[in-house]
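K.L.:
Below you'll find structure-v6.cif; it's mmCIF, C-alpha atoms.
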```cif
data_start
#
loop_
_atom_site.group_PDB
_atom_site.id
_atom_site.type_symbol
_atom_site.label_atom_id
_atom_site.label_comp_id
_atom_site.auth_asym_id
_atom_site.auth_seq_id
_atom_site.Cartn_x
_atom_site.Cartn_y
_atom_site.Cartn_z
ATOM 1 C CA MET A 6 63.523 189.536 121.428
ATOM 2 C CA ARG A 7 63.796 186.071 122.921
ATOM 3 C CA ARG A 8 66.980 185.192 124.779
ATOM 4 C CA VAL A 9 68.692 181.885 124.004
ATOM 5 C CA PRO A 10 69.727 179.949 127.148
ATOM 6 C CA ILE A 11 73.485 179.458 127.491
ATOM 7 C CA HIS A 12 73.166 175.625 127.567
ATOM 8 C CA ARG A 13 71.458 175.689 124.165
ATOM 9 C CA LEU A 14 74.027 178.101 122.760
ATOM 10 C CA SER A 15 76.913 175.917 123.890
ATOM 11 C CA ARG A 16 75.552 172.877 122.043
ATOM 12 C CA SER A 17 74.884 174.755 118.820
ATOM 13 C CA THR A 18 78.331 176.326 119.150
ATOM 14 C CA ILE A 19 79.780 172.798 119.229
ATOM 15 C CA SER A 20 77.861 171.964 116.045
ATOM 16 C CA PHE A 21 78.981 175.028 114.123
ATOM 17 C CA ALA A 22 82.596 174.929 115.350
ATOM 18 C CA LEU A 23 82.899 171.264 114.336
ATOM 19 C CA ALA A 24 81.262 172.101 111.001
ATOM 20 C CA ALA A 25 83.922 174.758 110.373
ATOM 21 C CA VAL A 26 86.696 172.234 111.089
ATOM 22 C CA VAL A 27 85.135 169.703 108.697
ATOM 23 C CA VAL A 28 84.730 172.335 105.953
ATOM 24 C CA ALA A 29 88.390 173.386 106.299
ATOM 25 C CA ALA A 30 89.712 169.806 106.332
ATOM 26 C CA ASP A 31 87.526 168.908 103.343
ATOM 27 C CA ALA A 32 88.733 171.921 101.350
ATOM 28 C CA VAL A 33 92.390 171.144 102.090
ATOM 29 C CA THR A 34 92.076 167.478 101.107
ATOM 30 C CA LYS A 35 90.186 168.285 97.896
ATOM 31 C CA ALA A 36 92.759 170.918 96.881
ATOM 32 C CA TRP A 37 95.571 168.429 97.531
ATOM 33 C CA VAL A 38 93.813 165.725 95.535
ATOM 34 C CA ARG A 39 93.139 167.967 92.533
ATOM 35 C CA SER A 40 96.824 168.944 92.365
ATOM 36 C CA SER A 41 98.402 165.600 93.300
ATOM 37 C CA LEU A 42 96.162 163.036 91.642
ATOM 38 C CA ALA A 43 95.436 164.724 88.334
ATOM 39 C CA ASP A 44 97.663 162.281 86.441
ATOM 40 C CA GLN A 45 97.662 159.045 88.453
ATOM 41 C CA ASP A 46 95.854 157.104 91.165
ATOM 42 C CA ARG A 47 97.608 156.256 94.430
ATOM 43 C CA HIS A 48 97.340 152.886 96.102
ATOM 44 C CA ILE A 49 97.243 153.298 99.880
ATOM 45 C CA VAL A 50 96.750 149.822 101.356
ATOM 46 C CA GLY A 51 94.648 146.765 100.498
ATOM 47 C CA PRO A 52 91.506 147.865 98.630
ATOM 48 C CA LEU A 53 92.033 151.565 99.536
ATOM 49 C CA TRP A 54 93.005 153.905 96.693
ATOM 50 C CA PHE A 55 93.020 157.651 96.136
ATOM 51 C CA ARG A 56 91.398 158.205 92.732
ATOM 52 C CA LEU A 57 90.408 161.629 91.438
ATOM 53 C CA SER A 58 86.764 161.654 90.409
ATOM 54 C CA SER A 59 83.917 164.147 90.223
ATOM 55 C CA ASN A 60 80.225 163.871 90.949
ATOM 56 C CA ARG A 61 77.544 166.251 89.679
ATOM 57 C CA GLY A 62 74.714 164.517 91.518
ATOM 58 C CA PHE A 63 73.753 163.447 95.013
ATOM 59 C CA SER A 64 75.561 160.632 96.790
ATOM 60 C CA PHE A 65 76.513 157.760 94.511
ATOM 61 C CA SER A 66 75.967 160.058 91.477
ATOM 62 C CA LEU A 67 72.163 160.019 91.770
ATOM 63 C CA SER A 68 70.568 162.745 89.619
ATOM 64 C CA ASN A 69 73.871 163.326 87.846
ATOM 65 C CA THR A 70 72.180 165.290 85.052
ATOM 66 C CA LEU A 71 70.476 167.946 87.212
ATOM 67 C CA PRO A 72 73.253 169.782 89.136
ATOM 68 C CA THR A 73 71.114 172.894 89.721
ATOM 69 C CA LEU A 74 68.387 170.808 91.354
ATOM 70 C CA VAL A 75 71.013 169.077 93.471
ATOM 71 C CA THR A 76 72.422 172.439 94.617
ATOM 72 C CA VAL A 77 68.982 173.778 95.587
ATOM 73 C CA ALA A 78 68.139 170.551 97.431
ATOM 74 C CA GLU A 79 71.459 170.732 99.314
ATOM 75 C CA LEU A 80 70.747 174.324 100.373
ATOM 76 C CA ILE A 81 67.290 173.416 101.662
ATOM 77 C CA ALA A 82 68.550 170.345 103.534
ATOM 78 C CA LEU A 83 71.480 172.251 105.036
ATOM 79 C CA SER A 84 69.170 175.018 106.233
ATOM 80 C CA ALA A 85 66.914 172.489 107.957
ATOM 81 C CA VAL A 86 69.845 170.702 109.602
ATOM 82 C CA ALA A 87 71.383 174.002 110.772
ATOM 83 C CA ILE A 88 68.080 175.037 112.365
ATOM 84 C CA ALA A 89 67.717 171.617 113.994
ATOM 85 C CA ALA A 90 71.248 171.923 115.427
ATOM 86 C CA CYS A 91 70.079 174.941 117.442
ATOM 87 C CA PHE A 92 67.629 172.737 119.375
ATOM 88 C CA VAL A 93 69.758 169.650 120.008
ATOM 89 C CA ALA A 94 69.605 168.188 123.529
ATOM 90 C CA SER A 95 73.069 166.656 123.968
ATOM 91 C CA ARG A 96 76.678 167.292 123.091
ATOM 92 C CA THR A 97 76.766 163.984 121.231
ATOM 93 C CA GLY A 98 73.810 165.144 119.143
ATOM 94 C CA ALA A 99 75.587 168.448 118.547
ATOM 95 C CA ILE A 100 78.578 166.525 117.221
ATOM 96 C CA GLY A 101 76.337 164.530 114.867
ATOM 97 C CA PHE A 102 74.712 167.693 113.530
ATOM 98 C CA GLY A 103 78.106 169.418 113.246
ATOM 99 C CA LEU A 104 79.468 166.590 111.100
ATOM 100 C CA ILE A 105 76.418 166.700 108.827
ATOM 101 C CA ILE A 106 76.534 170.492 108.474
ATOM 102 C CA GLY A 107 80.285 170.504 107.840
ATOM 103 C CA GLY A 108 80.073 167.762 105.226
ATOM 104 C CA GLY A 109 77.130 169.408 103.517
ATOM 105 C CA VAL A 110 78.780 172.831 103.424
ATOM 106 C CA GLY A 111 82.066 171.287 102.247
ATOM 107 C CA ASN A 112 80.373 169.602 99.300
ATOM 108 C CA LEU A 113 78.257 172.680 98.547
ATOM 109 C CA VAL A 114 81.315 174.969 98.487
ATOM 110 C CA ASP A 115 83.096 172.507 96.201
ATOM 111 C CA ARG A 116 80.052 172.282 93.906
ATOM 112 C CA LEU A 117 79.590 176.058 93.695
ATOM 113 C CA GLY A 118 83.306 176.571 93.019
ATOM 114 C CA SER A 119 83.329 174.117 90.140
ATOM 115 C CA PRO A 120 82.456 175.262 86.617
ATOM 116 C CA ARG A 121 80.638 171.930 86.104
ATOM 117 C CA HIS A 122 78.905 172.106 89.523
ATOM 118 C CA ALA A 123 80.689 168.890 90.479
ATOM 119 C CA VAL A 124 82.018 167.666 93.812
ATOM 120 C CA THR A 125 85.562 166.282 93.996
ATOM 121 C CA ASP A 126 85.643 162.666 95.174
ATOM 122 C CA PHE A 127 88.826 160.680 95.764
ATOM 123 C CA ILE A 128 88.535 157.892 98.344
ATOM 124 C CA SER A 129 88.026 154.535 96.642
ATOM 125 C CA VAL A 130 87.490 151.321 98.576
ATOM 126 C CA GLY A 131 87.034 148.235 96.427
ATOM 127 C CA SER A 132 83.924 148.431 94.271
ATOM 128 C CA PHE A 133 82.189 150.938 96.597
ATOM 129 C CA PRO A 134 81.471 154.320 94.925
ATOM 130 C CA VAL A 135 84.221 156.935 95.263
ATOM 131 C CA PHE A 136 83.620 159.473 98.047
ATOM 132 C CA ASN A 137 85.348 162.282 99.965
ATOM 133 C CA LEU A 138 85.937 163.563 103.501
ATOM 134 C CA ALA A 139 82.677 165.559 103.489
ATOM 135 C CA ASP A 140 80.690 162.459 102.512
ATOM 136 C CA SER A 141 82.352 160.565 105.375
ATOM 137 C CA ALA A 142 81.467 163.324 107.855
ATOM 138 C CA ILE A 143 77.827 163.285 106.736
ATOM 139 C CA THR A 144 77.635 159.498 107.053
ATOM 140 C CA ILE A 145 79.226 159.460 110.513
ATOM 141 C CA GLY A 146 76.958 162.303 111.648
ATOM 142 C CA VAL A 147 73.848 160.444 110.499
ATOM 143 C CA VAL A 148 75.028 157.261 112.250
ATOM 144 C CA VAL A 149 75.578 159.234 115.485
ATOM 145 C CA LEU A 150 72.058 160.704 115.337
ATOM 146 C CA ILE A 151 70.487 157.328 114.517
ATOM 147 C CA ALA A 152 72.382 155.705 117.407
ATOM 148 C CA LEU A 153 71.095 158.397 119.782
ATOM 149 C CA SER A 154 67.537 157.898 118.563
ATOM 150 C CA VAL A 155 67.674 154.100 118.716
ATOM 151 C CA SER A 156 69.152 154.199 122.227
ATOM 152 C CA GLY A 157 66.078 156.095 123.366
ATOM 153 C CA ARG A 158 67.877 159.355 124.078
ATOM 154 C CA ASN A 159 65.971 162.499 123.222
ATOM 155 C CA LEU A 160 67.526 164.450 120.348
ATOM 156 C CA TRP A 161 65.588 167.648 121.034
ATOM 157 C CA ARG A 162 65.745 169.946 124.003
ATOM 158 C CA SER A 163 62.408 170.618 125.642
ATOM 159 C CA LYS A 164 61.488 174.191 126.527
#
```
What's the structure tokens form of this structure?
P.N.:
Amino acid sequence: MRRVPIHRLSRSTISFALAAVVVAADAVTKAWVRSSLADQDRHIVGPLWFRLSSNRGFSFSLSNTLPTLVTVAELIALSAVAIAACFVASRTGAIGFGLIIGGGVGNLVDRLGSPRHAVTDFISVGSFPVFNLADSAITIGVVVLIALSVSGRNLWRSK
């Protein structure tokens, strides 16, 4: 059996601990939204509203008619990202992967818990599609990883 070096374990631990925090925060906000916004929208400030919505597809309701395909694709993508998180080179990269994993798991849990296989969305900004905390975490995580890559920093730990 191959031993995992402690420096690699600490970075993947960051990813999975952050993912757990994102999943918990996402679940709490979605539960609050489903109970509080069932009857009315809430204006927050300027173009920001909380509006209860659901999405059976990928981001921006793509493939809205094939929720089973979406669920399988999410599982495959999450598995790949979780494996990649085990080989990340920096703490910043670990944070990016943790946000992506947490957002993906949050949406997957919501989808699997819904009889319609739909994800609860509620953050509305102007004419932009409605999204949720998990979607935000995924987006921020991707931006972090892109920024690391563009800056020339290595995402992957060498042996």
K.L.:
Which of these residues is nearest to Leu80 of chain A, using only C-alpha atoms: A:Leu53, A:Val110, A:Ala29, A:Leu104?
P.N.:
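The shortest atom-to-atom distance to Leu80 of chain A comes from A:Val110.
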K.L.:
So how many Å separate atom CA of Gly98 of chain A and atom CA of Ile151 of chain A, to one decimal?
P.N.:
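Spanning atom CA of Gly98 of chain A to atom CA of Ile151 of chain A is a straight-line distance of 9.7 Å.
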K.L.:
Just the number, please: distance in Å from atom CA of Asn112 of chain A to atom CA of Phe92 of chain A, one decimal.
P.N.:
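Rounded to one decimal, the two atoms are 24.0 Å apart.
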K.L.:
Evaluate the PyMOL selection byres ((chain A and resi 38) around 12) on the structure here and hand back the selected residues as a PyMOL selection string.
P.N.:
chain A and resi 31-37+39-47+54-59+125-128+137-138
K.L.:
Using all atoms listed in the file, pick whichever of A:Gly111, A:Arg96, A:Pro52, A:Leu160 has the shortest atom-to-atom distance to Gly131 of chain A.
P.N.:
A:Pro52
K.L.:
Mind giving me the straight-line distance from atom CA of Gly103 of chain A to atom CA of Ile19 of chain A in Å, one decimal?
P.N.:
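Atom CA of Gly103 of chain A sits 7.1 Å away from atom CA of Ile19 of chain A.
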K.L.:
(74.7, 160.6, 113.0) in this file's frame - what residues fall within 10 Å of it? Use all atoms listed in the file and give the answer as JSON, numbers by chain.
P.N.:
{"A": [97, 98, 99, 100, 101, 102, 103, 104, 105, 142, 143, 144, 145, 146, 147, 148, 149, 150, 151, 152, 153, 154]}
K.L.:
Here is a test: counting only C-alpha atoms, which residue of A:Arg116, A:His122, A:Arg162, A:Arg61 is nearest to Cys91 of chain A?
P.N.:
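Checking each of A:Arg116, A:His122, A:Arg162, A:Arg61 against Cys91 of chain A, counting only C-alpha atoms, the winner is A:Arg162.
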K.L.:
Taking into account only C-alpha atoms, which residue in the set A:Asp140, A:Gly157, A:Ser119, A:Val130 is nearest to His48 of chain A?
P.N.:
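Among the listed residues, the smallest separation from His48 of chain A belongs to A:Val130.
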K.L.:
Rank A:Ser141, A:Ala123, A:Ser129, A:Ile81 by their smallest atom-to-atom distance to Val50 of chain A, using all atoms listed in the file, and report the top residue only.
P.N.:
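Using all atoms listed in the file, Val50 of chain A sits closest to A:Ser129.
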K.L.:
With distances taken over all atoms listed in the file, which of A:Trp161, A:Ala139, A:Ala85, A:Val75 is nearest to Ala25 of chain A?
P.N.:
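Using all atoms listed in the file, the shortest distance to Ala25 of chain A belongs to A:Ala139.
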K.L.:
Hey, can I get the axis-aligned box for segment 73-80 of chain A? All listed atoms, 8 Å padding on each side, centre and edge lengths in Å to one decimal, as AutoDock Vina command-line options.
P.N.:
```
--center_x 70.3 --center_y 171.7 --center_z 95.0 --size_x 20.3 --size_y 21.2 --size_z 26.7
```
